[in-house]
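Accompanying notes for the structure given below.
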Amino acid sequence: MSDWLELCEPLVKQWEGCRLTAYQDIVGVWTIGYGHTGPDVREGLTWTQEQADDNLSRQLRFEFAPAVINALHRPYKPQQLAAMVSLAYNVGIKAFTGSTLVRLFNLGDTVAAESQFHRWARAGGKV
């Protein structure tokens, strides 16, 4: 497992939590595992812990990390990549790649970019 993934998975797990039975999140989206959504998630769906862990690992490696890496135009540390992949997982790739955080990071202003993380602490207007 790469350095960033070893940092990222626990970060996502801490913030997302895991539910093995599908539920509607704060904005009414059907969700399962560590915040997984999509057309495959519906009422009554259940997963094992192994399914939830495998799904998270696959999504981080093959969907979210490549999108984040593609959006970054300067070198990054494993910790920075882990934090940004975790954020992208939470808010979605489109929102992340179009964010002020990415723009500031790419300009080299890592302090200002870091200050942007708190702006993403709401869903449906709620913290």
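In the structure tokens, chains take letters A, B, ... by order of appearance, with residues numbered from 1 within each chain and ligands from 1 in the order shown.
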Inset, instruction - Would you kindly return, as JSON, numbers by chain, each protein, DNA or RNA residue with an atom no farther than 9 Å from any atom of range 39-44 of chain A, considering only C-alpha atoms and excluding same-chain residues fewer than 2 positions away? - result: {"A": [21, 22, 23, 24, 30, 31, 32, 36, 37, 46]}
Inset, instruction - For Tyr76 in chain A, work out the shell of residues within 10 Å, counting only C-alpha atoms and skipping chain neighbours fewer than 4 positions away, then give it as a list in words. - result: Ile69, Leu72, Gln80, Leu81, Ala82, Phe105, Asn106 and Thr110 of chain A
Go ahead and save the picked residues with all heavy atoms, as a CSV table (one decimal), in the first residue's frame.
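Okay, this is what ended up in result20.csv:
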chain,number,residue,atom,x,y,z
A,69,ILE,N,-4.8,13.7,-8.4
A,69,ILE,CA,-3.5,13.8,-9.0
A,69,ILE,C,-3.6,14.6,-10.3
A,69,ILE,O,-2.7,15.4,-10.6
A,69,ILE,CB,-2.8,12.4,-9.1
A,69,ILE,CG1,-2.5,11.9,-7.8
A,69,ILE,CG2,-1.6,12.5,-10.0
A,69,ILE,CD1,-2.1,10.4,-7.8
A,72,LEU,N,-3.8,18.4,-9.7
A,72,LEU,CA,-2.7,19.0,-9.1
A,72,LEU,C,-1.5,19.2,-10.1
A,72,LEU,O,-1.2,18.3,-10.8
A,72,LEU,CB,-2.1,18.2,-7.9
A,72,LEU,CG,-3.2,17.9,-6.8
A,72,LEU,CD1,-2.6,17.1,-5.7
A,72,LEU,CD2,-3.8,19.2,-6.3
A,80,GLN,N,-0.4,15.5,2.1
A,80,GLN,CA,-1.3,16.5,1.3
A,80,GLN,C,-2.2,15.7,0.4
A,80,GLN,O,-3.4,16.0,0.3
A,80,GLN,CB,-0.4,17.5,0.6
A,80,GLN,CG,0.3,18.4,1.4
A,80,GLN,CD,1.4,19.2,0.7
A,80,GLN,OE1,2.1,18.7,-0.2
A,80,GLN,NE2,1.5,20.5,1.0
A,81,LEU,N,-1.6,14.7,-0.3
A,81,LEU,CA,-2.4,13.9,-1.2
A,81,LEU,C,-3.5,13.2,-0.5
A,81,LEU,O,-4.7,13.2,-0.9
A,81,LEU,CB,-1.6,13.0,-2.0
A,81,LEU,CG,-2.3,12.1,-3.0
A,81,LEU,CD1,-3.1,12.9,-4.1
A,81,LEU,CD2,-1.4,11.1,-3.7
A,82,ALA,N,-3.2,12.6,0.7
A,82,ALA,CA,-4.2,11.9,1.5
A,82,ALA,C,-5.3,12.8,1.9
A,82,ALA,O,-6.5,12.4,1.8
A,82,ALA,CB,-3.5,11.2,2.7
A,105,PHE,N,-3.5,25.7,-4.0
A,105,PHE,CA,-2.5,24.7,-4.0
A,105,PHE,C,-1.6,24.8,-5.2
A,105,PHE,O,-0.4,24.8,-5.1
A,105,PHE,CB,-3.0,23.3,-3.8
A,105,PHE,CG,-1.9,22.3,-3.6
A,105,PHE,CD1,-1.3,22.1,-2.4
A,105,PHE,CD2,-1.4,21.6,-4.7
A,105,PHE,CE1,-0.3,21.2,-2.3
A,105,PHE,CE2,-0.4,20.7,-4.6
A,105,PHE,CZ,0.2,20.5,-3.4
A,106,ASN,N,-2.2,24.8,-6.4
A,106,ASN,CA,-1.5,24.9,-7.6
A,106,ASN,C,-0.7,26.2,-7.8
A,106,ASN,O,0.3,26.2,-8.5
A,106,ASN,CB,-2.4,24.7,-8.8
A,106,ASN,CG,-2.8,23.2,-9.0
A,106,ASN,OD1,-2.1,22.3,-8.5
A,106,ASN,ND2,-4.0,23.0,-9.5
A,110,THR,N,0.2,26.9,-0.1
A,110,THR,CA,-0.3,25.8,0.7
A,110,THR,C,-1.0,26.2,2.0
A,110,THR,O,-1.9,25.5,2.4
A,110,THR,CB,0.8,24.8,1.0
A,110,THR,OG1,1.9,25.4,1.6
A,110,THR,CG2,1.4,24.1,-0.3
Inset, instruction - Please indicate the distance in Å from CA of Leu45 in chain A to CA of Phe62 in chain A, rounded to one decimal place. - result: 23.5 Å
Legend entry - Which of A:Phe117, A:Phe64, A:Trp15, A:Tyr89 sits closest to Val102 in chain A [using only C-alpha atoms]: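 Once distances to Val102 in chain A are computed over only C-alpha atoms, the minimum belongs to A:Phe117.
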Legend entry - Interatomic distance, CA of Asp109 in chain A to CA of Ala71 in chain A (Å, one decimal):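 Rounded to one decimal, the two atoms are 15.3 Å apart.
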Legend entry - Test item, helix (DSSP H, G or I) assignment across range 2-127 of chain A, answer as an MDAnalysis selection string: chainID A and resid 3:16 49:71 78:91 93:97 100:106 110:114 117:120
Inset, instruction - Tell me which protein, DNA and RNA residues are within 8 Å of Val68 in chain A, counting only C-alpha atoms, leaving out same-chain ones fewer than 5 positions away, and put them as a list in words. - result: Leu81, Met84, Val85, Ala88, Ile93, Phe96 and Thr97 of chain A
Inset, instruction - Using only C-alpha atoms, pick whichever of A:Gln14, A:Gly92, A:Leu5, A:Gln116 has the shortest atom-to-atom distance to Gly38 in chain A. - result: A:Gly92
